[in-house]
file target.csv (CSV, N, CA and C atoms)
chain,number,residue,atom,x,y,z
A,678,ARG,N,143.5,154.9,152.9
A,678,ARG,CA,144.1,154.5,151.7
A,678,ARG,C,143.5,155.3,150.5
A,679,VAL,N,144.3,155.3,149.4
A,679,VAL,CA,143.9,156.0,148.2
A,679,VAL,C,143.9,154.9,147.1
A,680,GLN,N,142.9,154.9,146.3
A,680,GLN,CA,142.9,154.0,145.1
A,680,GLN,C,143.0,154.8,143.9
A,681,LEU,N,143.7,154.4,142.9
A,681,LEU,CA,143.9,155.1,141.7
A,681,LEU,C,143.6,154.1,140.5
A,682,VAL,N,142.8,154.6,139.5
A,682,VAL,CA,142.5,153.8,138.4
A,682,VAL,C,142.8,154.6,137.1
A,683,GLU,N,143.7,154.1,136.3
A,683,GLU,CA,144.1,154.7,135.1
A,683,GLU,C,143.2,154.2,133.9
A,684,SER,N,143.1,155.1,132.9
A,684,SER,CA,142.4,154.7,131.7
A,684,SER,C,142.9,155.6,130.5
A,685,GLY,N,142.6,155.2,129.3
A,685,GLY,CA,142.9,156.0,128.2
A,685,GLY,C,144.0,155.6,127.3
A,686,GLY,N,144.7,154.5,127.7
A,686,GLY,CA,145.8,154.0,126.9
A,686,GLY,C,145.3,153.4,125.6
A,687,GLY,N,146.3,153.1,124.7
A,687,GLY,CA,145.9,152.5,123.5
A,687,GLY,C,147.1,152.5,122.5
A,688,SER,N,146.8,152.3,121.3
A,688,SER,CA,147.8,152.2,120.2
A,688,SER,C,147.6,153.4,119.3
A,689,VAL,N,148.6,154.1,119.0
A,689,VAL,CA,148.6,155.2,118.0
A,689,VAL,C,149.8,155.2,117.2
A,690,GLN,N,149.7,155.9,116.1
A,690,GLN,CA,150.9,156.1,115.2
A,690,GLN,C,151.7,157.3,115.7
A,691,ALA,N,153.0,157.3,115.4
A,691,ALA,CA,153.9,158.4,115.7
A,691,ALA,C,153.3,159.7,115.3
A,692,GLY,N,153.3,160.7,116.1
A,692,GLY,CA,152.8,162.0,115.8
A,692,GLY,C,151.3,162.2,116.4
A,693,GLY,N,150.7,161.1,116.8
A,693,GLY,CA,149.4,161.1,117.3
A,693,GLY,C,149.3,161.6,118.7
A,694,SER,N,148.1,161.5,119.3
A,694,SER,CA,147.8,162.0,120.6
A,694,SER,C,147.0,161.0,121.4
A,695,LEU,N,147.2,161.0,122.7
A,695,LEU,CA,146.3,160.2,123.6
A,695,LEU,C,146.1,161.0,124.9
A,696,ARG,N,145.0,160.8,125.6
A,696,ARG,CA,144.8,161.4,126.9
A,696,ARG,C,144.6,160.4,127.9
A,697,LEU,N,145.5,160.3,128.9
A,697,LEU,CA,145.3,159.3,130.0
A,697,LEU,C,144.5,160.0,131.1
A,698,SER,N,143.8,159.2,131.8
A,698,SER,CA,143.0,159.7,133.0
A,698,SER,C,143.4,158.8,134.2
A,699,CYS,N,143.4,159.5,135.4
A,699,CYS,CA,143.6,158.8,136.6
A,699,CYS,C,142.5,159.2,137.6
A,700,ALA,N,141.7,158.3,138.0
A,700,ALA,CA,140.6,158.6,138.9
A,700,ALA,C,140.9,158.2,140.3
A,701,PRO,N,141.1,159.1,141.2
A,701,PRO,CA,141.4,158.7,142.6
A,701,PRO,C,140.1,158.5,143.4
A,702,SER,N,140.2,157.7,144.4
A,702,SER,CA,139.1,157.5,145.4
A,702,SER,C,139.7,157.1,146.7
A,703,GLY,N,138.9,157.2,147.7
A,703,GLY,CA,139.3,156.9,149.1
A,703,GLY,C,139.7,158.2,149.8
A,704,ASN,N,140.8,158.2,150.6
A,704,ASN,CA,141.2,159.3,151.4
A,704,ASN,C,142.1,160.3,150.6
A,705,ILE,N,141.4,160.9,149.6
A,705,ILE,CA,142.2,161.7,148.6
A,705,ILE,C,142.8,162.9,149.4
A,706,ALA,N,142.2,163.4,150.4
A,706,ALA,CA,142.7,164.6,151.1
A,706,ALA,C,144.1,164.3,151.8
A,707,SER,N,144.4,163.0,151.9
A,707,SER,CA,145.7,162.7,152.5
A,707,SER,C,146.9,162.8,151.6
A,708,THR,N,146.6,163.2,150.3
A,708,THR,CA,147.7,163.3,149.3
A,708,THR,C,147.6,164.7,148.8
A,709,ASN,N,148.7,165.2,148.2
A,709,ASN,CA,148.7,166.5,147.6
A,709,ASN,C,149.6,166.6,146.3
A,710,CYS,N,150.1,165.5,146.0
A,710,CYS,CA,150.9,165.4,144.8
A,710,CYS,C,150.5,164.2,144.0
A,711,MET,N,150.3,164.4,142.7
A,711,MET,CA,150.0,163.3,141.8
A,711,MET,C,151.0,163.3,140.7
A,712,GLY,N,151.4,162.1,140.2
A,712,GLY,CA,152.4,161.9,139.2
A,712,GLY,C,152.0,160.9,138.2
A,713,TRP,N,152.6,161.0,137.0
A,713,TRP,CA,152.6,160.0,136.0
A,713,TRP,C,154.0,159.4,135.8
A,714,PHE,N,154.0,158.1,135.7
A,714,PHE,CA,155.2,157.4,135.5
A,714,PHE,C,155.1,156.4,134.3
A,715,ARG,N,156.2,156.0,133.7
A,715,ARG,CA,156.1,155.0,132.7
A,715,ARG,C,157.2,154.0,132.8
A,716,GLN,N,157.0,152.8,132.3
A,716,GLN,CA,158.0,151.8,132.4
A,716,GLN,C,157.9,150.9,131.1
A,717,ALA,N,159.0,150.9,130.3
A,717,ALA,CA,159.0,150.1,129.2
A,717,ALA,C,159.7,148.8,129.5
A,718,PRO,N,159.5,147.7,128.8
A,718,PRO,CA,160.1,146.4,129.1
A,718,PRO,C,161.6,146.5,129.2
A,719,GLY,N,162.2,146.0,130.2
A,719,GLY,CA,163.6,146.0,130.4
A,719,GLY,C,164.2,147.3,130.9
A,720,LYS,N,163.3,148.3,131.1
A,720,LYS,CA,163.8,149.6,131.6
A,720,LYS,C,163.3,150.0,133.0
A,721,GLU,N,163.9,150.9,133.6
A,721,GLU,CA,163.5,151.4,134.9
A,721,GLU,C,162.3,152.3,134.8
A,722,ARG,N,161.5,152.3,135.9
A,722,ARG,CA,160.3,153.2,135.9
A,722,ARG,C,160.8,154.7,135.8
A,723,GLU,N,160.2,155.5,135.0
A,723,GLU,CA,160.6,156.8,134.7
A,723,GLU,C,159.5,157.8,135.1
A,724,GLY,N,159.8,158.8,135.9
A,724,GLY,CA,158.8,159.8,136.2
A,724,GLY,C,158.6,160.7,135.0
A,725,VAL,N,157.4,161.0,134.6
A,725,VAL,CA,157.1,161.7,133.4
A,725,VAL,C,156.6,163.2,133.8
A,726,ALA,N,155.7,163.3,134.8
A,726,ALA,CA,155.2,164.6,135.1
A,726,ALA,C,154.5,164.5,136.5
A,727,SER,N,154.5,165.6,137.2
A,727,SER,CA,153.8,165.6,138.5
A,727,SER,C,153.0,166.9,138.6
A,728,ILE,N,152.1,167.0,139.5
A,728,ILE,CA,151.3,168.1,139.8
A,728,ILE,C,151.0,168.2,141.3
A,729,TYR,N,151.1,169.5,141.8
A,729,TYR,CA,150.8,169.7,143.2
A,729,TYR,C,149.3,170.1,143.2
A,730,THR,N,148.5,169.3,143.8
A,730,THR,CA,147.0,169.4,143.6
A,730,THR,C,146.5,170.7,144.3
A,731,ARG,N,147.2,171.2,145.2
A,731,ARG,CA,146.7,172.4,146.0
A,731,ARG,C,146.7,173.7,145.1
A,732,ASP,N,147.8,173.8,144.2
A,732,ASP,CA,147.9,175.0,143.4
A,732,ASP,C,148.1,174.8,141.9
A,733,GLY,N,148.2,173.5,141.5
A,733,GLY,CA,148.4,173.2,140.1
A,733,GLY,C,149.8,173.3,139.6
A,734,ILE,N,150.8,173.6,140.4
A,734,ILE,CA,152.1,173.7,139.9
A,734,ILE,C,152.6,172.3,139.4
A,735,THR,N,153.2,172.3,138.2
A,735,THR,CA,153.5,171.1,137.5
A,735,THR,C,155.1,171.0,137.3
A,736,TYR,N,155.5,169.8,137.0
A,736,TYR,CA,156.9,169.5,136.7
A,736,TYR,C,156.9,168.4,135.6
A,737,TYR,N,157.8,168.5,134.7
A,737,TYR,CA,157.9,167.6,133.6
A,737,TYR,C,159.4,167.1,133.4
A,738,ALA,N,159.5,165.8,133.0
A,738,ALA,CA,160.8,165.3,132.6
A,738,ALA,C,161.1,165.9,131.3
A,739,ASP,N,162.4,166.1,131.1
A,739,ASP,CA,162.9,166.7,129.8
A,739,ASP,C,162.4,166.0,128.6
A,740,SER,N,162.3,164.7,128.7
A,740,SER,CA,161.9,163.8,127.6
A,740,SER,C,160.5,164.1,127.1
A,741,VAL,N,159.7,164.7,127.9
A,741,VAL,CA,158.3,165.0,127.5
A,741,VAL,C,157.9,166.4,127.5
A,742,LYS,N,158.8,167.3,127.9
A,742,LYS,CA,158.5,168.7,128.1
A,742,LYS,C,158.1,169.3,126.7
A,743,GLY,N,157.0,170.0,126.7
A,743,GLY,CA,156.5,170.6,125.5
A,743,GLY,C,155.6,169.7,124.7
A,744,ARG,N,155.5,168.4,125.0
A,744,ARG,CA,154.6,167.5,124.3
A,744,ARG,C,153.5,166.9,125.3
A,745,PHE,N,153.8,166.8,126.5
A,745,PHE,CA,152.8,166.2,127.5
A,745,PHE,C,152.4,167.3,128.4
A,746,THR,N,151.1,167.3,128.8
A,746,THR,CA,150.6,168.2,129.8
A,746,THR,C,149.8,167.4,130.9
A,747,ILE,N,150.2,167.7,132.1
A,747,ILE,CA,149.4,167.1,133.3
A,747,ILE,C,148.5,168.2,133.8
A,748,SER,N,147.3,167.7,134.1
A,748,SER,CA,146.3,168.6,134.7
A,748,SER,C,145.3,167.9,135.6
A,749,GLN,N,144.5,168.7,136.3
A,749,GLN,CA,143.6,168.1,137.3
A,749,GLN,C,142.2,168.7,137.2
A,750,ASP,N,141.2,167.9,137.2
A,750,ASP,CA,139.8,168.4,137.3
A,750,ASP,C,139.5,168.6,138.8
A,751,SER,N,139.3,169.9,139.2
A,751,SER,CA,139.1,170.2,140.6
A,751,SER,C,137.8,169.6,141.1
A,752,ALA,N,136.9,169.4,140.2
A,752,ALA,CA,135.6,168.9,140.7
A,752,ALA,C,135.6,167.5,141.2
A,753,ASP,N,136.3,166.6,140.5
A,753,ASP,CA,136.3,165.2,140.9
A,753,ASP,C,137.7,164.7,141.1
A,754,HIS,N,138.7,165.5,141.1
A,754,HIS,CA,140.1,165.2,141.4
A,754,HIS,C,140.8,164.3,140.3
A,755,THR,N,140.1,164.0,139.2
A,755,THR,CA,140.7,163.2,138.2
A,755,THR,C,142.0,164.0,137.6
A,756,VAL,N,143.0,163.2,137.4
A,756,VAL,CA,144.3,163.8,136.9
A,756,VAL,C,144.4,163.3,135.5
A,757,TYR,N,144.8,164.2,134.6
A,757,TYR,CA,144.9,163.8,133.2
A,757,TYR,C,146.4,164.0,132.7
A,758,LEU,N,146.8,163.2,131.7
A,758,LEU,CA,148.0,163.4,131.0
A,758,LEU,C,147.7,163.4,129.5
A,759,GLN,N,147.8,164.6,129.0
A,759,GLN,CA,147.6,164.8,127.6
A,759,GLN,C,148.9,164.6,126.9
A,760,MET,N,149.0,163.7,126.0
A,760,MET,CA,150.2,163.3,125.3
A,760,MET,C,150.1,163.6,123.8
A,761,ASN,N,150.8,164.6,123.3
A,761,ASN,CA,150.8,165.0,121.9
A,761,ASN,C,152.2,164.7,121.3
A,762,SER,N,152.2,164.7,120.0
A,762,SER,CA,153.4,164.4,119.2
A,762,SER,C,154.1,163.1,119.7
A,763,LEU,N,153.3,162.1,119.9
A,763,LEU,CA,153.9,160.8,120.4
A,763,LEU,C,154.9,160.2,119.5
A,764,LYS,N,155.9,159.6,120.2
A,764,LYS,CA,157.0,159.0,119.5
A,764,LYS,C,157.1,157.5,119.9
A,765,PRO,N,157.7,156.7,119.1
A,765,PRO,CA,157.8,155.3,119.4
A,765,PRO,C,158.4,155.0,120.8
A,766,GLU,N,159.4,155.9,121.1
A,766,GLU,CA,160.0,155.7,122.4
A,766,GLU,C,159.1,156.1,123.6
A,767,ASP,N,157.9,156.6,123.4
A,767,ASP,CA,157.0,156.8,124.4
A,767,ASP,C,156.2,155.5,124.8
A,768,THR,N,156.4,154.5,124.0
A,768,THR,CA,155.7,153.2,124.3
A,768,THR,C,156.1,152.7,125.6
A,769,ALA,N,155.1,152.4,126.5
A,769,ALA,CA,155.4,151.9,127.8
A,769,ALA,C,154.1,151.7,128.5
A,770,MET,N,154.2,151.1,129.7
A,770,MET,CA,153.0,151.0,130.6
A,770,MET,C,153.1,152.3,131.4
A,771,TYR,N,152.0,153.0,131.5
A,771,TYR,CA,151.9,154.3,132.2
A,771,TYR,C,151.1,154.1,133.5
A,772,TYR,N,151.7,154.7,134.6
A,772,TYR,CA,151.1,154.5,135.9
A,772,TYR,C,150.8,155.9,136.5
A,773,CYS,N,149.8,155.9,137.2
A,773,CYS,CA,149.4,157.1,138.0
A,773,CYS,C,149.8,156.8,139.5
A,774,ALA,N,150.3,157.8,140.2
A,774,ALA,CA,150.7,157.6,141.6
A,774,ALA,C,150.4,158.9,142.4
A,775,ALA,N,150.4,158.7,143.7
A,775,ALA,CA,150.1,159.9,144.6
A,775,ALA,C,150.9,159.8,145.9
A,776,TYR,N,151.2,160.9,146.5
A,776,TYR,CA,151.8,161.0,147.8
A,776,TYR,C,151.5,162.4,148.4
A,777,ALA,N,151.9,162.5,149.7
A,777,ALA,CA,151.8,163.8,150.4
A,777,ALA,C,153.1,164.4,150.5
A,778,ARG,N,153.3,165.6,149.8
A,778,ARG,CA,154.5,166.3,149.9
A,778,ARG,C,154.6,167.1,151.2
A,779,THR,N,155.7,167.0,151.9
A,779,THR,CA,155.9,167.7,153.1
A,779,THR,C,157.0,168.8,153.1
A,780,THR,N,157.5,169.0,151.9
A,780,THR,CA,158.5,170.1,151.7
A,780,THR,C,158.1,171.0,150.7
A,781,VAL,N,158.7,172.2,150.6
A,781,VAL,CA,158.4,173.2,149.6
A,781,VAL,C,159.0,172.8,148.3
A,782,GLY,N,158.5,173.4,147.2
A,782,GLY,CA,159.1,173.1,145.9
A,782,GLY,C,158.1,172.2,145.1
A,783,TYR,N,158.6,171.7,144.0
A,783,TYR,CA,157.8,170.9,143.1
A,783,TYR,C,157.5,169.5,143.7
A,784,CYS,N,156.4,168.9,143.2
A,784,CYS,CA,156.2,167.5,143.5
A,784,CYS,C,157.3,166.7,142.8
A,785,SER,N,157.7,165.6,143.5
A,785,SER,CA,158.7,164.8,143.0
A,785,SER,C,158.3,164.0,141.8
A,786,THR,N,159.3,163.5,141.0
A,786,THR,CA,159.0,162.4,140.0
A,786,THR,C,159.9,161.2,140.3
A,787,TYR,N,160.3,161.1,141.6
A,787,TYR,CA,161.0,159.9,142.0
A,787,TYR,C,160.0,158.9,142.5
A,788,ALA,N,160.0,157.7,142.0
A,788,ALA,CA,159.0,156.7,142.3
A,788,ALA,C,159.0,156.3,143.8
A,789,SER,N,160.1,156.4,144.4
A,789,SER,CA,160.3,155.9,145.8
A,789,SER,C,159.5,156.7,146.8
A,790,VAL,N,159.1,158.0,146.4
A,790,VAL,CA,158.4,158.8,147.4
A,790,VAL,C,156.9,158.6,147.3
A,791,PHE,N,156.4,158.0,146.2
A,791,PHE,CA,155.0,157.9,146.0
A,791,PHE,C,154.5,156.7,146.8
A,792,ASP,N,153.3,156.9,147.5
A,792,ASP,CA,152.8,155.9,148.3
A,792,ASP,C,151.7,155.0,147.7
A,793,TYR,N,151.0,155.6,146.7
A,793,TYR,CA,149.8,154.9,146.1
A,793,TYR,C,150.0,154.9,144.6
A,794,TRP,N,149.7,153.7,144.1
A,794,TRP,CA,149.9,153.5,142.6
A,794,TRP,C,148.6,152.8,142.0
A,795,GLY,N,148.4,153.2,140.8
A,795,GLY,CA,147.4,152.5,140.0
A,795,GLY,C,148.0,151.3,139.3
A,796,GLN,N,147.1,150.6,138.6
A,796,GLN,CA,147.5,149.3,137.9
A,796,GLN,C,148.2,149.5,136.6
A,797,GLY,N,148.1,150.7,136.0
A,797,GLY,CA,148.7,151.0,134.8
A,797,GLY,C,147.8,150.9,133.6
A,798,THR,N,148.2,151.6,132.5
A,798,THR,CA,147.5,151.5,131.2
A,798,THR,C,148.6,151.6,130.1
A,799,GLN,N,148.4,150.7,129.1
A,799,GLN,CA,149.5,150.5,128.1
A,799,GLN,C,149.3,151.6,127.0
A,800,VAL,N,150.4,152.2,126.6
A,800,VAL,CA,150.5,153.1,125.5
A,800,VAL,C,151.5,152.5,124.5
A,801,THR,N,151.1,152.3,123.3
A,801,THR,CA,151.9,151.8,122.2
A,801,THR,C,151.9,152.8,121.1
A,802,VAL,N,153.1,153.2,120.7
A,802,VAL,CA,153.2,154.2,119.6
A,802,VAL,C,154.0,153.5,118.5
A,803,SER,N,153.4,153.4,117.3
A,803,SER,CA,154.1,152.7,116.2
A,803,SER,C,154.6,153.8,115.2
A,804,SER,N,155.7,153.4,114.6
A,804,SER,CA,156.4,154.3,113.6
A,804,SER,C,155.8,154.2,112.2
call {"tool": "encode", "arguments": {"input": "target.csv", "output": "C-alpha coordinates"}}
result
Amino acid sequence: RVQLVESGGGSVQAGGSLRLSCAPSGNIASTNCMGWFRQAPGKEREGVASIYTRDGITYYADSVKGRFTISQDSADHTVYLQMNSLKPEDTAMYYCAAYARTTVGYCSTYASVFDYWGQGTQVTVSS
(Lines of atoms letter the chains of each structure in order from A and count residues from 1; the text may use other names and numbers.)
(Lines give C-alpha, C1' and ligand atoms only; values in the text may rest on other atoms or scores of the structure.)
Protein backbone atom coordinates (compact mmCIF):
# COMPACT_ATOMS: atom_id res chain seq x y z
CA ARG A 1 0.00 0.00 0.00
CA VAL A 2 0.88 3.66 -0.39
CA GLN A 3 0.02 6.32 2.15
CA LEU A 4 -0.29 9.96 1.12
CA VAL A 5 -0.33 12.94 3.47
CA GLU A 6 -1.16 16.42 2.19
CA SER A 7 -0.24 19.70 3.84
CA GLY A 8 0.04 23.38 3.00
CA GLY A 9 -3.57 24.40 2.63
CA GLY A 10 -4.92 27.59 4.12
CA SER A 11 -6.75 30.82 3.49
CA VAL A 12 -5.46 33.48 1.12
CA GLN A 13 -6.80 36.47 -0.73
CA ALA A 14 -7.36 36.43 -4.47
CA GLY A 15 -4.09 36.85 -6.33
CA GLY A 16 -2.12 35.14 -3.58
CA SER A 17 -0.13 31.92 -3.62
CA LEU A 18 0.02 28.65 -1.74
CA ARG A 19 2.19 25.56 -2.04
CA LEU A 20 0.67 22.20 -1.27
CA SER A 21 2.80 19.20 -0.37
CA CYS A 22 2.06 15.49 -0.66
CA ALA A 23 4.35 13.15 1.24
CA PRO A 24 4.14 9.53 0.12
CA SER A 25 5.18 6.51 2.16
CA GLY A 26 4.89 2.75 1.90
CA ASN A 27 5.34 0.91 -1.41
CA ILE A 28 6.07 4.04 -3.45
CA ALA A 29 7.78 2.03 -6.18
CA SER A 30 4.42 0.46 -7.05
CA THR A 31 3.19 3.79 -8.45
CA ASN A 32 4.48 6.07 -11.20
CA CYS A 33 1.82 8.74 -11.49
CA MET A 34 0.88 11.35 -8.91
CA GLY A 35 -1.99 13.76 -9.24
CA TRP A 36 -3.73 16.62 -7.50
CA PHE A 37 -7.49 16.83 -7.40
CA ARG A 38 -9.93 19.27 -5.87
CA GLN A 39 -13.54 19.13 -4.81
CA ALA A 40 -15.70 22.08 -3.90
CA PRO A 41 -18.97 21.63 -1.97
CA GLY A 42 -21.71 20.36 -4.27
CA LYS A 43 -19.33 19.78 -7.16
CA GLU A 44 -17.62 16.74 -8.62
CA ARG A 45 -13.98 15.98 -7.93
CA GLU A 46 -11.82 17.67 -10.56
CA GLY A 47 -8.37 16.60 -11.70
CA VAL A 48 -6.02 19.58 -11.50
CA ALA A 49 -2.58 18.28 -12.46
CA SER A 50 -0.59 15.09 -12.77
CA ILE A 51 3.05 14.10 -13.04
CA TYR A 52 4.78 10.98 -14.30
CA THR A 53 7.33 10.37 -11.58
CA ARG A 54 9.77 8.51 -13.83
CA ASP A 55 10.49 11.46 -16.13
CA GLY A 56 8.61 14.43 -14.71
CA ILE A 57 6.19 14.90 -17.60
CA THR A 58 3.22 16.92 -16.39
CA TYR A 59 -0.37 17.57 -17.38
CA TYR A 60 -2.68 20.37 -16.31
CA ALA A 61 -6.37 21.07 -16.47
CA ASP A 62 -7.19 24.11 -18.55
CA SER A 63 -8.62 25.85 -15.49
CA VAL A 64 -5.21 26.01 -13.81
CA LYS A 65 -2.78 26.02 -16.73
CA GLY A 66 -0.25 28.82 -16.38
CA ARG A 67 -1.09 29.36 -12.70
CA PHE A 68 -0.36 26.01 -11.03
CA THR A 69 2.81 23.94 -11.20
CA ILE A 70 3.18 20.32 -10.13
CA SER A 71 6.65 19.06 -9.26
CA GLN A 72 8.40 16.30 -7.39
CA ASP A 73 11.40 16.15 -5.08
CA SER A 74 13.38 13.16 -6.33
CA ALA A 75 15.10 12.77 -2.98
CA ASP A 76 12.05 12.01 -0.86
CA HIS A 77 9.33 11.69 -3.55
CA THR A 78 7.29 14.54 -2.10
CA VAL A 79 5.01 16.04 -4.73
CA TYR A 80 4.20 19.74 -4.67
CA LEU A 81 1.50 21.90 -6.17
CA GLN A 82 2.55 25.53 -6.43
CA MET A 83 -0.57 27.63 -6.85
CA ASN A 84 -0.19 31.24 -7.98
CA SER A 85 -2.70 33.91 -8.95
CA LEU A 86 -5.34 32.16 -6.89
CA LYS A 87 -8.99 32.90 -7.58
CA PRO A 88 -12.06 32.44 -5.39
CA GLU A 89 -13.14 29.62 -7.69
CA ASP A 90 -10.02 27.69 -6.66
CA THR A 91 -11.57 27.25 -3.22
CA ALA A 92 -11.89 23.52 -2.56
CA MET A 93 -10.56 20.56 -0.67
CA TYR A 94 -7.39 19.47 -2.46
CA TYR A 95 -6.39 15.82 -2.60
CA CYS A 96 -3.22 14.05 -3.61
CA ALA A 97 -3.49 10.68 -5.34
CA ALA A 98 -1.31 8.01 -6.94
CA TYR A 99 -1.55 5.09 -9.36
CA ALA A 100 0.58 2.98 -11.66
CA ARG A 101 0.29 3.95 -15.33
CA THR A 102 0.49 1.01 -17.72
CA THR A 103 -0.01 2.87 -21.00
CA VAL A 104 2.06 5.45 -22.85
CA GLY A 105 1.20 9.12 -22.71
CA TYR A 106 0.42 11.52 -19.91
CA CYS A 107 -0.66 10.49 -16.47
CA SER A 108 -4.42 10.70 -16.15
CA THR A 109 -6.44 13.26 -14.24
CA TYR A 110 -9.47 11.00 -14.01
CA ALA A 111 -10.12 10.14 -10.39
CA SER A 112 -11.33 6.63 -11.21
CA VAL A 113 -7.89 5.38 -12.22
CA PHE A 114 -6.13 6.49 -9.06
CA ASP A 115 -5.67 3.81 -6.41
CA TYR A 116 -4.35 5.74 -3.44
CA TRP A 117 -5.66 8.96 -1.91
CA GLY A 118 -4.71 11.33 0.83
CA GLN A 119 -7.12 12.88 3.33
CA GLY A 120 -7.10 16.29 1.71
CA THR A 121 -6.14 19.83 2.64
CA GLN A 122 -8.50 22.81 2.48
CA VAL A 123 -7.74 25.83 0.29
CA THR A 124 -9.91 28.92 0.69
CA VAL A 125 -9.47 31.96 -1.54
CA SER A 126 -11.34 35.11 -0.61
CA SER A 127 -12.15 37.97 -2.97
call {"tool": "select_by_dssp", "arguments": {"input": "target.csv", "residues": "chain A", "states": "strand (DSSP E)", "output": "MDAnalysis selection string"}}
result
chainID A and resid 679:684 687:690 695:703 710:716 723:729 735:737 745:749 756:760 769:776 793:794 798:803
call {"tool": "residues_around", "arguments": {"input": "target.csv", "residues": "range 710-724 of chain A", "least_positions_apart": "6", "cutoff": "6.5 Å", "atoms": "only N, CA and C atoms", "output": "list in words"}}
result
Thr730, Arg731, Ala738, Thr768, Ala769, Met770, Tyr771, Tyr772, Cys773, Ala774, Ala775, Tyr776, Ala777, Arg778, Cys784, Thr786, Tyr787 and Ala788 of chain A
call {"tool": "residues_around", "arguments": {"input": "target.csv", "residues": "range 750-763 of chain A", "least_positions_apart": "6", "cutoff": "5 Å", "atoms": "all atoms listed in the file", "output": "list in words"}}
result
Ala691, Gly692, Gly693, Ser694, Leu695, Arg696, Leu697, Ser698, Cys699, Ala700 and Arg744 of chain A
call {"tool": "closest_residue", "arguments": {"input": "target.csv", "among": "A:Gly782, A:Val790, A:Ser707, A:Thr798", "to": "Asp732 in chain A", "atoms": "only C-alpha atoms"}}
result
A:Gly782
call {"tool": "atom_distance", "arguments": {"input": "target.csv", "atom1": "atom C of Val741 in chain A", "atom2": "atom C of Val725 in chain A"}}
result
7.2 Å
call {"tool": "atom_distance", "arguments": {"input": "target.csv", "atom1": "atom C of Phe745 in chain A", "atom2": "CA of Asn704 in chain A"}}
result
26.8 Å
call {"tool": "atom_distance", "arguments": {"input": "target.csv", "atom1": "atom C of Thr735 in chain A", "atom2": "CA of Ser688 in chain A"}}
result
26.4 Å
call {"tool": "select_by_dssp", "arguments": {"input": "target.csv", "residues": "range 696-793 of chain A", "states": "helix (DSSP H, G or I)", "output": "list in words"}}
result
Ile705, Ala706, Ser707, Pro765, Glu766, Asp767, Ala788, Ser789 and Val790 of chain A
call {"tool": "residues_near_point", "arguments": {"input": "target.csv", "point": "(142.4, 153.8, 132.3)", "cutoff": "6.5 Å", "atoms": "only N, CA and C atoms", "output": "PyMOL selection string"}}
result
chain A and resi 682-686+698+797-798
call {"tool": "residues_around", "arguments": {"input": "target.csv", "residues": "Ile705 in chain A", "least_positions_apart": "2", "cutoff": "8 Å", "atoms": "only N, CA and C atoms", "output": "list in words"}}
result
Arg678, Val679, Gln680, Pro701, Ser702, Gly703, Ser707, Thr708 and Asn709 of chain A
